[in-house]
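Following: one structure in structure tokens, then a few remarks.
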Amino acid sequence: MLYLDNSATTKVAPEALDAMLPYLQEEYGNPASKYYTLAENSKNAVKQARNQVAAIVGCDPDEVIFTSGATESNNMVLKGIADYYENQNQTIITTKTEHPSIIDTCEYLESKGFHIIYLDVDKFGRVNPNKVKEAIENYHPLLVSIIWGNNELGSLNDIEKIAHYCAINNVFFHTDATQVIGKIHVDISEHPGIRFLSLSSHKIHGPKGIGACIIRKENETLQTKITPLIHGGGQEFEYRSGTLAVHNIVGFGKAAELAHLNLSTTKEHLEQLEKSLTDILINQFKDKISFNNDQQFKIPGLLSLQFKGVNNELLLKKLSNHMALSTGSACSSGKPSHVLSAAGFTQNEIQQTVRISMSKYINVDDLDFFKSLK
Ligand code: PLP
């Protein structure tokens with residue numbers, strides 16, 4: 001079975017699994033406990049994982065807040081900021097091609113009286129940074145939340161420019177970096193405008209149910225304050241209470257370390273796979289296919305394409321014994337893609353669309369299967 005749905009989730013790296021196992025067996029201490037070795041061992045393991053996650057995004061370890069995943073991180077930032085600053089500013093700017101964990105949270109905040117501006121996007125689902133600038137100047141928002149790399153079309157937003165506009169206007173900026181971590185260079189120390197960032201372990205060959213929200217420390221001009229989503233024992237610097245899932249955190253840390261260490265080889269490999277697959281598909285299907293995604297400024301290894309006149313769900317079912325593909329985002333299965341609609345695709349085009357997302361565990365030879373398709 002050829003697994004080509006790595007934007008939905010990834011295989012756990014054997015190294016991450018090995019690192020986790022002791023914390024599901026003999027090392028079961030609660031890292032918040034004191035004075036005995038079992039607790040100390042867990043505490044040290046969490047500390048190491050925090051360093052590993054911090055290194056892959058370029059922040060300080062104490063800016064890493066472990067959550068259950070990017071969905072929670074996105075909720076944490078939007079609801080947390082909205083709650084804390086409710087009496088000062090109720091405007092949030094985002095785009096029409098965010099992940100449902102942003103869009104649905106924005107709709108919830110709208111129902112509570114917040115003013116949400118959903119910016120239009122181009123045919124690749126990307127927002128024009130000048131439109132973000134204009135909107136900031138016109139609406140003076142509390143927060144701007146814009147996805148770094150789109151999970152359906154793979155397009156990268158110009159985060160550098162957007163972060164700069166937010167910084168010079170003293171506006172909080174959050175980016176959902178879930179799909180780009182381990183695939184492109186991410187170093188938020190280069191973008192002081194980014195105040196919050198979401199990432200997830202299971203997209204980088206770590207376990208599911210764990211992710212992080214990066215909350216940058218306060219600076220002279222911007223106080224970073226959010227109300228926690230989960231109250232309780234005060235873990236995670238009071239931002240997210242609950243006993244830490246040490247085994248998951250350790251697995252996430254190991255996956256982050258590997259992703260960081262191997263970034264350039266992974267990126268090159270994914271680009272090579274993408275090129276080979278594109279060539280095979282064009283050769284095999286000629287004008288019976290068309291690509292939805294941009295060729296440049298994109299997440300390597302992710303393709304979105306249409307098989308003309310073929311219903312995507314029927315195609316996926318037909319191929320399901322041989323390969324795992326997707327019609328788009330796994331999180332919005334069942335609903336027509338809001339991302340492709342916002343990017344201007346017709347209903348018919350959306351129903352022909354297939355997403356192929358590759359990983360470092362795929363070899364160029366594995367793609368030969370596509371040569372047998374008609
Ligand atoms: N944000 C993006 C861009 C995603 O692609 C996903 C997962 O598909 C999420 C957020 C949600 O991540 P998690 O599964 O960790 O909650």
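In the structure tokens, the first chain shown is A, the next is B, and so on; residue numbers restart at 1 for each chain, and ligands run from 1 in the order shown.
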Hey, which residues come within 6 Å of ligand 1 if we count only C-alpha atoms and all ligand atoms? Could you give them as a list in words?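 The residues near ligand 1 are Ala8, Gly69, Ala70, Thr71, His99, Asn151, Asp176, Thr178, Gln179, Ser200, Gly211 and Cys331 of chain A.
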Let's have the selection written as a tab-separated table (two decimals), in the first residue's frame, with N, CA and C atoms.
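Output (selection-v2.tsv):
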```
chain	number	residue	atom	x	y	z
A	8	ALA	N	-2.59	14.53	5.88
A	8	ALA	CA	-3.62	14.17	6.87
A	8	ALA	C	-2.95	13.69	8.15
A	69	GLY	N	-2.72	19.28	20.20
A	69	GLY	CA	-2.52	19.32	18.75
A	69	GLY	C	-2.78	20.73	18.24
A	70	ALA	N	-2.67	20.88	16.92
A	70	ALA	CA	-2.80	22.22	16.35
A	70	ALA	C	-4.23	22.75	16.46
A	71	THR	N	-5.21	21.87	16.47
A	71	THR	CA	-6.59	22.35	16.64
A	71	THR	C	-6.71	23.09	17.98
A	99	HIS	N	-7.55	26.65	8.06
A	99	HIS	CA	-8.02	25.33	8.51
A	99	HIS	C	-9.33	25.51	9.29
A	151	ASN	N	-3.12	23.49	3.70
A	151	ASN	CA	-3.18	22.03	3.77
A	151	ASN	C	-3.83	21.38	2.55
A	176	ASP	N	-0.62	29.52	11.62
A	176	ASP	CA	-0.78	28.07	11.73
A	176	ASP	C	0.28	27.46	10.81
A	178	THR	N	1.29	24.28	10.89
A	178	THR	CA	1.16	22.82	10.99
A	178	THR	C	1.71	22.07	9.77
A	179	GLN	N	1.43	22.60	8.57
A	179	GLN	CA	1.81	21.84	7.37
A	179	GLN	C	3.22	22.15	6.88
A	200	SER	N	1.91	20.72	15.04
A	200	SER	CA	1.34	19.44	15.46
A	200	SER	C	2.35	18.32	15.25
A	211	GLY	N	0.74	18.48	20.35
A	211	GLY	CA	1.19	19.56	19.48
A	211	GLY	C	1.71	20.66	20.38
A	331	CYS	N	-9.81	16.85	7.70
A	331	CYS	CA	-10.61	17.46	8.77
A	331	CYS	C	-11.94	17.96	8.28
```
If you run DSSP on this backbone, which residues of region 76-125 of chain A come out as strand (DSSP E or B), and could you give them as a PyMOL selection string? chain A and resi 91-95+115-119
Written file, previous selection with all heavy atoms, as a compact mmCIF listing (two decimals), in the first residue's frame:
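So the final result, stored in selection12.txt, reads:
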```txt
# COMPACT_ATOMS: atom_id res chain seq x y z
N THR A 91 -11.75 43.07 16.91
CA THR A 91 -11.61 42.79 15.47
C THR A 91 -10.46 41.81 15.21
O THR A 91 -9.35 41.99 15.72
CB THR A 91 -11.37 44.11 14.69
OG1 THR A 91 -12.48 44.96 14.96
CG2 THR A 91 -11.26 43.87 13.20
N ILE A 92 -10.76 40.80 14.41
CA ILE A 92 -9.75 39.80 14.03
C ILE A 92 -9.74 39.70 12.51
O ILE A 92 -10.80 39.66 11.87
CB ILE A 92 -10.08 38.43 14.67
CG1 ILE A 92 -9.94 38.51 16.19
CG2 ILE A 92 -9.18 37.32 14.10
CD1 ILE A 92 -10.37 37.27 16.95
N ILE A 93 -8.53 39.65 11.94
CA ILE A 93 -8.40 39.48 10.48
C ILE A 93 -7.85 38.09 10.20
O ILE A 93 -6.87 37.67 10.82
CB ILE A 93 -7.47 40.56 9.88
CG1 ILE A 93 -8.11 41.94 10.01
CG2 ILE A 93 -7.13 40.25 8.43
CD1 ILE A 93 -7.22 43.09 9.55
N THR A 94 -8.49 37.40 9.27
CA THR A 94 -8.00 36.09 8.86
C THR A 94 -8.25 35.94 7.36
O THR A 94 -8.52 36.93 6.68
CB THR A 94 -8.65 34.98 9.73
OG1 THR A 94 -8.02 33.74 9.44
CG2 THR A 94 -10.15 34.85 9.51
N THR A 95 -8.15 34.72 6.83
CA THR A 95 -8.42 34.53 5.40
C THR A 95 -9.50 33.47 5.22
O THR A 95 -9.86 32.78 6.16
CB THR A 95 -7.16 34.05 4.63
OG1 THR A 95 -6.94 32.67 4.93
CG2 THR A 95 -5.93 34.85 4.99
N HIS A 115 -15.87 40.96 15.56
CA HIS A 115 -15.91 41.37 14.16
C HIS A 115 -14.76 40.64 13.45
O HIS A 115 -13.59 40.92 13.72
CB HIS A 115 -15.73 42.90 14.09
CG HIS A 115 -15.67 43.43 12.71
ND1 HIS A 115 -14.93 44.54 12.35
CD2 HIS A 115 -16.27 43.01 11.57
CE1 HIS A 115 -15.07 44.76 11.06
NE2 HIS A 115 -15.89 43.85 10.57
N ILE A 116 -15.14 39.70 12.57
CA ILE A 116 -14.08 38.92 11.89
C ILE A 116 -14.05 39.32 10.42
O ILE A 116 -15.09 39.32 9.74
CB ILE A 116 -14.34 37.39 11.98
CG1 ILE A 116 -14.76 36.97 13.40
CG2 ILE A 116 -13.13 36.61 11.48
CD1 ILE A 116 -13.70 36.94 14.44
N ILE A 117 -12.85 39.60 9.93
CA ILE A 117 -12.69 39.94 8.51
C ILE A 117 -12.00 38.75 7.83
O ILE A 117 -10.87 38.40 8.21
CB ILE A 117 -11.88 41.23 8.35
CG1 ILE A 117 -12.70 42.38 8.92
CG2 ILE A 117 -11.51 41.51 6.90
CD1 ILE A 117 -11.89 43.45 9.54
N TYR A 118 -12.70 38.15 6.87
CA TYR A 118 -12.14 37.00 6.14
C TYR A 118 -11.62 37.52 4.80
O TYR A 118 -12.41 37.84 3.90
CB TYR A 118 -13.22 35.95 5.89
CG TYR A 118 -13.88 35.40 7.14
CD1 TYR A 118 -15.04 35.99 7.66
CD2 TYR A 118 -13.36 34.29 7.80
CE1 TYR A 118 -15.65 35.49 8.80
CE2 TYR A 118 -13.96 33.79 8.95
CZ TYR A 118 -15.10 34.39 9.44
OH TYR A 118 -15.71 33.89 10.57
N LEU A 119 -10.30 37.61 4.65
CA LEU A 119 -9.75 38.18 3.42
C LEU A 119 -9.84 37.19 2.25
O LEU A 119 -9.70 35.98 2.44
CB LEU A 119 -8.29 38.57 3.63
CG LEU A 119 -8.04 39.69 4.66
CD1 LEU A 119 -6.55 39.90 4.86
CD2 LEU A 119 -8.71 41.00 4.22
```
Compile the contact shell of His140 (chain A) as a list in words: residues with an atom at most 10 Å away, counting only C-alpha atoms, same-chain residues fewer than 3 positions apart removed.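 So, after excluding close chain neighbours, the residues are Asn89, Gln90, Thr91, Ile92, Ile93, Glu134, Ala135, Ile136, Glu137, Leu143, Val144, Asn169, Asn170 and Val171 of chain A.
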Shell around Gly344 (chain A) at 9 Å using only C-alpha atoms, local window under 2 positions removed, as a PyMOL selection string: chain A and resi 121-125+339-342+346
For Leu270 (chain A), work out the shell of residues within 10 Å, counting only C-alpha atoms and skipping chain neighbours fewer than 2 positions away, then give it as a ChimeraX atom specification. /A:183,264-268,272-276,299-302,357-364
In Å, with one decimal, what is the gap from CA of Gly328 (chain A) to CA of Ala256 (chain A)?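 The value is 25.0 Å.
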Neighbouring residues of region 20-26 of chain A were defined as those with any atom within 7 Å, considering only C-alpha atoms; residues of the same chain fewer than 3 positions away were excluded. Please report them as a PDB file with C-alpha atoms, in the first residue's frame.
```pdb
ATOM      1  CA  ALA A  16      10.121   8.493  18.033  1.00  0.00           C
ATOM      2  CA  LEU A  17       8.345   5.279  19.032  1.00  0.00           C
ATOM      3  CA  VAL A 246       5.024  12.576  28.838  1.00  0.00           C
ATOM      4  CA  HIS A 247       5.218   9.701  26.318  1.00  0.00           C
ATOM      5  CA  ASN A 248       3.577  11.831  23.614  1.00  0.00           C
ATOM      6  CA  VAL A 250       8.869  12.724  24.223  1.00  0.00           C
ATOM      7  CA  GLY A 251       7.777  11.261  20.860  1.00  0.00           C
TER       8      GLY A 251
END
```
Rounded to one decimal place, report the CA of Ser111 (chain A)-CA of Ser73 (chain A) distance in Å. 20.5 Å
Between CA of Phe66 (chain A) and CA of Ile184 (chain A), what distance in Å does the model show, to one decimal? 21.9 Å
Which residues come within 12 Å of Ile146 (chain A), counting only C-alpha atoms, excluding same-chain residues fewer than 5 positions away, as a ChimeraX atom specification? /A:74,78,92-99,102-103,117-121,125-129,132,156-163,166,172-178,194,196-198
Go through A:Ile249, A:Leu109, A:Ile210, A:Ile181 and flag the residue nearest Lys47 (chain A), using only C-alpha atoms for the distances.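 Result for the nearest residue to Lys47 (chain A): A:Ile249.
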